[in-house]
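The file run26.cif contains mmCIF, N, CA and C atoms:
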```
data_input
#
loop_
_atom_site.label_atom_id
_atom_site.label_comp_id
_atom_site.auth_asym_id
_atom_site.auth_seq_id
_atom_site.Cartn_x
_atom_site.Cartn_y
_atom_site.Cartn_z
N VAL K 1 -42.56 21.50 -28.22
CA VAL K 1 -42.00 22.85 -28.28
C VAL K 1 -41.01 22.92 -29.43
N GLN K 2 -41.14 23.94 -30.24
CA GLN K 2 -40.18 24.17 -31.32
C GLN K 2 -39.72 25.62 -31.26
N LEU K 3 -38.47 25.82 -31.64
CA LEU K 3 -37.94 27.18 -31.71
C LEU K 3 -37.87 27.59 -33.17
N VAL K 4 -38.40 28.76 -33.44
CA VAL K 4 -38.40 29.31 -34.79
C VAL K 4 -37.53 30.55 -34.81
N GLU K 5 -36.57 30.55 -35.71
CA GLU K 5 -35.66 31.69 -35.83
C GLU K 5 -35.92 32.44 -37.12
N TYR K 6 -35.65 33.72 -37.10
CA TYR K 6 -35.68 34.50 -38.33
C TYR K 6 -34.85 35.76 -38.14
N GLY K 7 -34.53 36.39 -39.26
CA GLY K 7 -33.78 37.64 -39.20
C GLY K 7 -32.39 37.58 -39.76
N GLY K 8 -31.93 36.42 -40.20
CA GLY K 8 -30.61 36.33 -40.80
C GLY K 8 -30.59 36.99 -42.16
N GLY K 9 -29.40 37.05 -42.75
CA GLY K 9 -29.29 37.65 -44.06
C GLY K 9 -27.85 37.96 -44.39
N SER K 10 -27.67 38.76 -45.44
CA SER K 10 -26.35 39.14 -45.91
C SER K 10 -26.17 40.64 -45.76
N VAL K 11 -25.06 41.04 -45.17
CA VAL K 11 -24.76 42.46 -44.99
C VAL K 11 -23.30 42.71 -45.27
N LEU K 12 -22.97 43.97 -45.46
CA LEU K 12 -21.58 44.36 -45.60
C LEU K 12 -20.97 44.56 -44.22
N ALA K 13 -19.67 44.45 -44.16
CA ALA K 13 -18.97 44.68 -42.90
C ALA K 13 -19.36 46.05 -42.33
N GLY K 14 -19.59 46.05 -41.02
CA GLY K 14 -20.05 47.25 -40.36
C GLY K 14 -21.55 47.36 -40.26
N GLY K 15 -22.24 46.48 -40.93
CA GLY K 15 -23.69 46.51 -40.93
C GLY K 15 -24.30 45.90 -39.68
N SER K 16 -25.63 45.86 -39.66
CA SER K 16 -26.36 45.38 -38.50
C SER K 16 -27.43 44.38 -38.92
N LEU K 17 -27.73 43.48 -38.01
CA LEU K 17 -28.83 42.54 -38.17
C LEU K 17 -29.44 42.27 -36.82
N ARG K 18 -30.70 41.88 -36.83
CA ARG K 18 -31.37 41.51 -35.60
C ARG K 18 -32.00 40.14 -35.79
N LEU K 19 -31.56 39.19 -34.98
CA LEU K 19 -32.11 37.84 -35.03
C LEU K 19 -33.20 37.70 -33.98
N SER K 20 -34.22 36.92 -34.33
CA SER K 20 -35.31 36.66 -33.40
C SER K 20 -35.49 35.17 -33.23
N CYS K 21 -35.97 34.77 -32.08
CA CYS K 21 -36.23 33.36 -31.79
C CYS K 21 -37.50 33.26 -30.95
N LEU K 22 -38.42 32.45 -31.42
CA LEU K 22 -39.71 32.29 -30.76
C LEU K 22 -39.93 30.83 -30.41
N ALA K 23 -40.34 30.57 -29.18
CA ALA K 23 -40.71 29.22 -28.78
C ALA K 23 -42.19 29.01 -29.05
N THR K 24 -42.53 28.03 -29.90
CA THR K 24 -43.92 27.73 -30.20
C THR K 24 -44.34 26.47 -29.46
N GLY K 25 -45.62 26.32 -29.26
CA GLY K 25 -46.12 25.19 -28.49
C GLY K 25 -46.16 25.55 -27.02
N GLU K 26 -46.46 24.58 -26.20
CA GLU K 26 -46.57 24.84 -24.77
C GLU K 26 -45.20 24.71 -24.11
N ALA K 27 -44.64 25.85 -23.75
CA ALA K 27 -43.34 25.88 -23.08
C ALA K 27 -43.53 26.54 -21.73
N PHE K 28 -43.08 25.87 -20.69
CA PHE K 28 -43.28 26.38 -19.34
C PHE K 28 -41.94 26.68 -18.69
N ASP K 29 -41.87 27.80 -18.04
CA ASP K 29 -40.73 28.15 -17.21
C ASP K 29 -39.42 27.99 -17.96
N ILE K 30 -39.27 28.75 -19.03
CA ILE K 30 -38.00 28.75 -19.75
C ILE K 30 -37.02 29.62 -18.98
N SER K 31 -35.93 29.03 -18.58
CA SER K 31 -34.95 29.77 -17.79
C SER K 31 -33.87 30.32 -18.71
N ASP K 32 -32.86 29.55 -18.97
CA ASP K 32 -31.75 30.01 -19.77
C ASP K 32 -32.11 30.11 -21.26
N MET K 33 -31.72 31.20 -21.88
CA MET K 33 -31.83 31.38 -23.33
C MET K 33 -30.45 31.75 -23.85
N ALA K 34 -30.10 31.27 -25.00
CA ALA K 34 -28.76 31.52 -25.52
C ALA K 34 -28.72 31.49 -27.04
N TRP K 35 -27.70 32.11 -27.57
CA TRP K 35 -27.40 32.06 -28.99
C TRP K 35 -26.05 31.38 -29.18
N TYR K 36 -25.99 30.54 -30.18
CA TYR K 36 -24.75 29.90 -30.59
C TYR K 36 -24.56 30.16 -32.08
N ARG K 37 -23.36 29.89 -32.56
CA ARG K 37 -23.13 30.02 -34.00
C ARG K 37 -22.10 28.99 -34.45
N GLN K 38 -22.18 28.67 -35.73
CA GLN K 38 -21.23 27.73 -36.31
C GLN K 38 -20.81 28.28 -37.67
N GLY K 39 -19.54 28.67 -37.73
CA GLY K 39 -18.98 29.18 -38.97
C GLY K 39 -18.52 28.05 -39.87
N PRO K 40 -18.16 28.38 -41.09
CA PRO K 40 -17.69 27.35 -42.03
C PRO K 40 -16.48 26.61 -41.49
N GLY K 41 -16.57 25.30 -41.43
CA GLY K 41 -15.45 24.49 -40.99
C GLY K 41 -15.10 24.62 -39.52
N THR K 42 -16.00 25.15 -38.73
CA THR K 42 -15.70 25.32 -37.29
C THR K 42 -16.75 24.60 -36.45
N GLN K 43 -16.45 24.47 -35.17
CA GLN K 43 -17.42 23.88 -34.26
C GLN K 43 -18.41 24.95 -33.79
N ARG K 44 -19.54 24.51 -33.37
CA ARG K 44 -20.54 25.43 -32.84
C ARG K 44 -19.98 26.09 -31.57
N GLU K 45 -20.14 27.39 -31.48
CA GLU K 45 -19.63 28.12 -30.33
C GLU K 45 -20.70 28.97 -29.69
N TRP K 46 -20.58 29.15 -28.41
CA TRP K 46 -21.50 29.98 -27.66
C TRP K 46 -21.25 31.44 -27.97
N VAL K 47 -22.32 32.21 -28.12
CA VAL K 47 -22.22 33.63 -28.43
C VAL K 47 -22.67 34.49 -27.26
N ALA K 48 -23.85 34.19 -26.73
CA ALA K 48 -24.41 35.01 -25.66
C ALA K 48 -25.51 34.23 -24.97
N SER K 49 -25.78 34.58 -23.73
CA SER K 49 -26.86 33.95 -22.99
C SER K 49 -27.49 34.97 -22.05
N ILE K 50 -28.71 34.68 -21.68
CA ILE K 50 -29.44 35.58 -20.79
C ILE K 50 -30.34 34.74 -19.89
N ASP K 51 -30.35 35.08 -18.60
CA ASP K 51 -31.20 34.32 -17.69
C ASP K 51 -32.57 34.97 -17.58
N ARG K 52 -33.43 34.36 -16.79
CA ARG K 52 -34.80 34.82 -16.70
C ARG K 52 -34.90 36.23 -16.14
N GLY K 53 -33.93 36.60 -15.33
CA GLY K 53 -33.92 37.93 -14.74
C GLY K 53 -33.32 38.99 -15.64
N GLY K 54 -32.81 38.58 -16.80
CA GLY K 54 -32.26 39.54 -17.74
C GLY K 54 -30.76 39.72 -17.67
N SER K 55 -30.10 38.95 -16.83
CA SER K 55 -28.65 39.05 -16.74
C SER K 55 -28.02 38.36 -17.94
N ALA K 56 -27.18 39.09 -18.67
CA ALA K 56 -26.61 38.59 -19.92
C ALA K 56 -25.11 38.42 -19.83
N ASN K 57 -24.63 37.47 -20.62
CA ASN K 57 -23.20 37.24 -20.76
C ASN K 57 -22.88 37.08 -22.24
N TYR K 58 -21.66 37.48 -22.60
CA TYR K 58 -21.26 37.47 -24.00
C TYR K 58 -19.88 36.86 -24.19
N ALA K 59 -19.68 36.24 -25.33
CA ALA K 59 -18.36 35.80 -25.72
C ALA K 59 -17.51 37.05 -25.95
N ASP K 60 -16.22 36.92 -25.67
CA ASP K 60 -15.33 38.08 -25.83
C ASP K 60 -15.39 38.64 -27.25
N SER K 61 -15.55 37.76 -28.22
CA SER K 61 -15.50 38.19 -29.62
C SER K 61 -16.67 39.08 -30.03
N VAL K 62 -17.74 39.08 -29.24
CA VAL K 62 -18.91 39.87 -29.62
C VAL K 62 -19.25 40.95 -28.59
N THR K 63 -18.56 40.97 -27.49
CA THR K 63 -18.84 41.95 -26.45
C THR K 63 -18.72 43.36 -27.00
N GLY K 64 -19.74 44.15 -26.70
CA GLY K 64 -19.75 45.52 -27.17
C GLY K 64 -20.39 45.70 -28.53
N ARG K 65 -20.63 44.59 -29.24
CA ARG K 65 -21.24 44.69 -30.57
C ARG K 65 -22.60 43.99 -30.62
N PHE K 66 -22.78 42.95 -29.83
CA PHE K 66 -24.02 42.18 -29.82
C PHE K 66 -24.76 42.44 -28.52
N ARG K 67 -26.09 42.37 -28.60
CA ARG K 67 -26.91 42.52 -27.40
C ARG K 67 -28.04 41.50 -27.43
N ILE K 68 -28.13 40.72 -26.36
CA ILE K 68 -29.18 39.70 -26.25
C ILE K 68 -30.27 40.23 -25.33
N THR K 69 -31.51 40.05 -25.73
CA THR K 69 -32.65 40.45 -24.92
C THR K 69 -33.71 39.37 -24.99
N ARG K 70 -34.70 39.43 -24.11
CA ARG K 70 -35.75 38.42 -24.09
C ARG K 70 -37.05 39.01 -23.57
N ASP K 71 -38.13 38.33 -23.91
CA ASP K 71 -39.44 38.67 -23.39
C ASP K 71 -40.01 37.41 -22.77
N ASN K 72 -40.06 37.34 -21.46
CA ASN K 72 -40.50 36.13 -20.78
C ASN K 72 -41.97 35.81 -21.04
N THR K 73 -42.78 36.84 -21.24
CA THR K 73 -44.21 36.59 -21.43
C THR K 73 -44.52 35.97 -22.78
N ARG K 74 -43.64 36.20 -23.75
CA ARG K 74 -43.87 35.67 -25.09
C ARG K 74 -42.90 34.56 -25.47
N ASN K 75 -42.02 34.18 -24.53
CA ASN K 75 -41.00 33.16 -24.82
C ASN K 75 -40.23 33.49 -26.10
N MET K 76 -39.77 34.71 -26.14
CA MET K 76 -39.00 35.17 -27.29
C MET K 76 -37.67 35.75 -26.84
N MET K 77 -36.71 35.72 -27.75
CA MET K 77 -35.47 36.42 -27.49
C MET K 77 -34.93 36.97 -28.81
N TRP K 78 -34.02 37.90 -28.67
CA TRP K 78 -33.45 38.57 -29.83
C TRP K 78 -31.94 38.70 -29.66
N LEU K 79 -31.26 38.83 -30.77
CA LEU K 79 -29.85 39.13 -30.77
C LEU K 79 -29.63 40.30 -31.72
N GLN K 80 -29.37 41.46 -31.15
CA GLN K 80 -29.08 42.63 -31.97
C GLN K 80 -27.59 42.66 -32.22
N MET K 81 -27.22 42.71 -33.50
CA MET K 81 -25.81 42.66 -33.87
C MET K 81 -25.47 43.92 -34.65
N ILE K 82 -24.46 44.62 -34.18
CA ILE K 82 -23.98 45.81 -34.89
C ILE K 82 -22.49 45.64 -35.14
N GLY K 83 -21.95 46.47 -36.01
CA GLY K 83 -20.53 46.39 -36.30
C GLY K 83 -20.11 45.02 -36.77
N LEU K 84 -20.93 44.41 -37.61
CA LEU K 84 -20.65 43.04 -38.04
C LEU K 84 -19.37 42.96 -38.84
N LYS K 85 -18.68 41.84 -38.65
CA LYS K 85 -17.41 41.58 -39.31
C LYS K 85 -17.52 40.30 -40.12
N PRO K 86 -16.67 40.13 -41.13
CA PRO K 86 -16.70 38.87 -41.89
C PRO K 86 -16.56 37.63 -41.01
N VAL K 87 -15.81 37.74 -39.92
CA VAL K 87 -15.64 36.59 -39.02
C VAL K 87 -16.92 36.21 -38.29
N ASP K 88 -17.91 37.09 -38.35
CA ASP K 88 -19.21 36.77 -37.73
C ASP K 88 -20.07 35.90 -38.64
N THR K 89 -19.60 35.68 -39.85
CA THR K 89 -20.35 34.82 -40.78
C THR K 89 -20.50 33.43 -40.20
N ALA K 90 -21.75 32.99 -40.10
CA ALA K 90 -22.03 31.69 -39.48
C ALA K 90 -23.52 31.41 -39.56
N VAL K 91 -23.87 30.19 -39.24
CA VAL K 91 -25.26 29.85 -38.98
C VAL K 91 -25.49 30.08 -37.49
N TYR K 92 -26.48 30.87 -37.17
CA TYR K 92 -26.78 31.20 -35.78
C TYR K 92 -27.97 30.38 -35.29
N TYR K 93 -27.78 29.81 -34.11
CA TYR K 93 -28.80 28.95 -33.51
C TYR K 93 -29.24 29.52 -32.17
N CYS K 94 -30.52 29.47 -31.91
CA CYS K 94 -30.99 29.83 -30.58
C CYS K 94 -31.24 28.55 -29.79
N ARG K 95 -31.12 28.66 -28.49
CA ARG K 95 -31.35 27.53 -27.61
C ARG K 95 -32.07 28.01 -26.37
N MET K 96 -33.02 27.22 -25.92
CA MET K 96 -33.74 27.55 -24.70
C MET K 96 -33.80 26.32 -23.82
N PHE K 97 -33.81 26.55 -22.51
CA PHE K 97 -33.92 25.46 -21.55
C PHE K 97 -35.23 25.59 -20.80
N GLU K 98 -36.03 24.54 -20.88
CA GLU K 98 -37.31 24.53 -20.19
C GLU K 98 -37.14 23.79 -18.87
N THR K 99 -37.23 24.54 -17.79
CA THR K 99 -36.99 23.97 -16.47
C THR K 99 -37.99 22.88 -16.12
N ALA K 100 -39.26 23.08 -16.48
CA ALA K 100 -40.31 22.14 -16.10
C ALA K 100 -40.03 20.74 -16.64
N ARG K 101 -39.52 20.64 -17.85
CA ARG K 101 -39.23 19.33 -18.45
C ARG K 101 -37.75 18.99 -18.40
N GLY K 102 -36.94 19.92 -17.94
CA GLY K 102 -35.50 19.67 -17.90
C GLY K 102 -34.92 19.41 -19.28
N GLN K 103 -35.37 20.19 -20.26
CA GLN K 103 -35.01 19.89 -21.64
C GLN K 103 -34.52 21.14 -22.36
N TYR K 104 -33.52 20.93 -23.22
CA TYR K 104 -33.04 21.99 -24.10
C TYR K 104 -33.74 21.88 -25.45
N TYR K 105 -34.00 23.02 -26.04
CA TYR K 105 -34.55 23.08 -27.39
C TYR K 105 -33.63 23.95 -28.25
N TRP K 106 -33.51 23.56 -29.52
CA TRP K 106 -32.67 24.30 -30.46
C TRP K 106 -33.50 24.78 -31.63
N GLY K 107 -33.13 25.96 -32.14
CA GLY K 107 -33.73 26.43 -33.37
C GLY K 107 -33.10 25.75 -34.57
N GLN K 108 -33.66 26.00 -35.74
CA GLN K 108 -33.18 25.35 -36.97
C GLN K 108 -31.95 26.03 -37.54
N GLY K 109 -31.65 27.22 -37.04
CA GLY K 109 -30.49 27.95 -37.54
C GLY K 109 -30.88 28.96 -38.59
N THR K 110 -30.18 30.08 -38.58
CA THR K 110 -30.40 31.11 -39.59
C THR K 110 -29.03 31.63 -40.03
N GLN K 111 -28.86 31.76 -41.33
CA GLN K 111 -27.57 32.12 -41.89
C GLN K 111 -27.33 33.63 -41.80
N VAL K 112 -26.15 33.98 -41.31
CA VAL K 112 -25.69 35.37 -41.32
C VAL K 112 -24.41 35.41 -42.12
N THR K 113 -24.38 36.23 -43.15
CA THR K 113 -23.20 36.35 -44.01
C THR K 113 -22.77 37.81 -44.03
N VAL K 114 -21.51 38.03 -43.69
CA VAL K 114 -20.96 39.38 -43.66
C VAL K 114 -19.84 39.46 -44.67
N SER K 115 -19.96 40.37 -45.60
CA SER K 115 -18.97 40.52 -46.66
C SER K 115 -18.09 41.73 -46.40
N ALA K 116 -16.85 41.59 -46.77
CA ALA K 116 -15.89 42.70 -46.58
C ALA K 116 -16.15 43.82 -47.56
#
```
Go ahead and express the file in the form of C-alpha cells.
Amino acid sequence: VQLVEYGGGSVLAGGSLRLSCLATGEAFDISDMAWYRQGPGTQREWVASIDRGGSANYADSVTGRFRITRDNTRNMMWLQMIGLKPVDTAVYYCRMFETARGQYYWGQGTQVTVSA
C-alpha cells in the first residue's frame, strides 16, 4: 500500500488549496485518516483527522479554515484549506491506518507555500 498526495503549491495569503491523498494497492478497512504538516525548522504536527464514520477533529490553528473529508469506497481523503496564512507554509503529509494489518501508511509529502 502506498499513499499518493497531490494538490500542493504556492499561493498568496488568503488563498485556497485542496490537497488530495489516495491509497494505492490493496488496502483493507482503513479506519483513521489524518493530515500532518512540518514547517521549516519545526517538528511534524497533527493538523486534522477523520474516522471512518466521518467524524473530524482539527488542530486549533486550522479550525474554521481547513476541512478534512474522505471517501471510504475509494480510500481517498482531501484537505480543503481556505484563508491560508504564511504560518501554514509546510510540507503536508497524509497518513492512513489499515486496521486489517494494524499498520500506518504515510504519503511522500506535498509542499504548501503561502506568501504574504
> Which residues fall under the PyMOL selection byres (((chain K and resi 85 and name CA) around 10) and name CA) in this file, as JSON, numbers by chain?
Replying inline: {"K": [11, 12, 13, 14, 15, 16, 62, 82, 83, 84, 86, 87, 88, 89, 113, 114, 115, 116]}
>> Running the PyMOL selection byres ((chain K and resi 40-42) around 6.5) on this model by hand, what would come out? Give it as a VMD selection string.
In response: chain K and resid 38 to 39 43 to 44 89 to 91
> Between K:Asn75, K:Gln80, K:Thr63, K:Gln103, which is the closest to Gly8 of chain K once you count only C-alpha atoms?
Replying inline: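 Distance minimum relative to Gly8 of chain K lands on K:Gln80.
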> Which one of K:Met96, K:Phe66, K:Leu19, K:Arg74 sits closest to Asp51 of chain K if you count only C-alpha atoms?
Replying inline: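 Under the stated criterion, the closest residue is K:Met96.
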> Hey, what's within 8 Å of Ser31 of chain K if we count all atoms listed in the file and toss same-chain stuff fewer than 2 positions away? As an MDAnalysis selection string, please?
Replying inline: chainID K and resid 28:29 33:34 50:53 96:100
>> Just checking: using only N, CA and C atoms, which residue out of K:Ser20, K:Ser55, K:Gln111, K:Ser10 ends up closest to Met76 of chain K?
In response: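 Going through K:Ser20, K:Ser55, K:Gln111, K:Ser10 one by one, the smallest distance to Met76 of chain K is for K:Ser20.
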Translate the PyMOL selection byres (((chain K and resi 107 and name CA) around 8) and name CA), as applied to the file shown, into an explicit residue set as a PDB file with N, CA and C atoms, in the coordinates of the input.
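Listed below is the output, out-v6.pdb:
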```pdb
ATOM      1  N   GLN K   2     -41.140  23.940 -30.240  1.00  0.00           N
ATOM      2  CA  GLN K   2     -40.180  24.170 -31.320  1.00  0.00           C
ATOM      3  C   GLN K   2     -39.720  25.620 -31.260  1.00  0.00           C
ATOM      4  N   LEU K   3     -38.470  25.820 -31.640  1.00  0.00           N
ATOM      5  CA  LEU K   3     -37.940  27.180 -31.710  1.00  0.00           C
ATOM      6  C   LEU K   3     -37.870  27.590 -33.170  1.00  0.00           C
ATOM      7  N   VAL K   4     -38.400  28.760 -33.440  1.00  0.00           N
ATOM      8  CA  VAL K   4     -38.400  29.310 -34.790  1.00  0.00           C
ATOM      9  C   VAL K   4     -37.530  30.550 -34.810  1.00  0.00           C
ATOM     10  N   GLU K   5     -36.570  30.550 -35.710  1.00  0.00           N
ATOM     11  CA  GLU K   5     -35.660  31.690 -35.830  1.00  0.00           C
ATOM     12  C   GLU K   5     -35.920  32.440 -37.120  1.00  0.00           C
ATOM     13  N   CYS K  21     -35.970  34.770 -32.080  1.00  0.00           N
ATOM     14  CA  CYS K  21     -36.230  33.360 -31.790  1.00  0.00           C
ATOM     15  C   CYS K  21     -37.500  33.260 -30.950  1.00  0.00           C
ATOM     16  N   TYR K  93     -27.780  29.810 -34.110  1.00  0.00           N
ATOM     17  CA  TYR K  93     -28.800  28.950 -33.510  1.00  0.00           C
ATOM     18  C   TYR K  93     -29.240  29.520 -32.170  1.00  0.00           C
ATOM     19  N   CYS K  94     -30.520  29.470 -31.910  1.00  0.00           N
ATOM     20  CA  CYS K  94     -30.990  29.830 -30.580  1.00  0.00           C
ATOM     21  C   CYS K  94     -31.240  28.550 -29.790  1.00  0.00           C
ATOM     22  N   ARG K  95     -31.120  28.660 -28.490  1.00  0.00           N
ATOM     23  CA  ARG K  95     -31.350  27.530 -27.610  1.00  0.00           C
ATOM     24  C   ARG K  95     -32.070  28.010 -26.370  1.00  0.00           C
ATOM     25  N   TYR K 105     -34.000  23.020 -26.040  1.00  0.00           N
ATOM     26  CA  TYR K 105     -34.550  23.080 -27.390  1.00  0.00           C
ATOM     27  C   TYR K 105     -33.630  23.950 -28.250  1.00  0.00           C
ATOM     28  N   TRP K 106     -33.510  23.560 -29.520  1.00  0.00           N
ATOM     29  CA  TRP K 106     -32.670  24.300 -30.460  1.00  0.00           C
ATOM     30  C   TRP K 106     -33.500  24.780 -31.630  1.00  0.00           C
ATOM     31  N   GLN K 108     -33.660  26.000 -35.740  1.00  0.00           N
ATOM     32  CA  GLN K 108     -33.180  25.350 -36.970  1.00  0.00           C
ATOM     33  C   GLN K 108     -31.950  26.030 -37.540  1.00  0.00           C
ATOM     34  N   GLY K 109     -31.650  27.220 -37.040  1.00  0.00           N
ATOM     35  CA  GLY K 109     -30.490  27.950 -37.540  1.00  0.00           C
ATOM     36  C   GLY K 109     -30.880  28.960 -38.590  1.00  0.00           C
TER      37      GLY K 109
END
```
>> Which polymer residues, whether protein, DNA or RNA, lie within 10 Å of the coordinate (-21.1, 38.7, -24.8) when you count only C-alpha atoms? List them as a PyMOL selection string, using the chain letters and numbers from the file.
In response: chain K and resi 46-50+56-68
>> I need the residues in chain K that are strand (DSSP E) according to DSSP; give them as a PyMOL selection string.
In response: chain K and resi 2-6+9-12+17-24+30-38+45-50+56-58+66-71+76-81+90-98+103-106+110-115
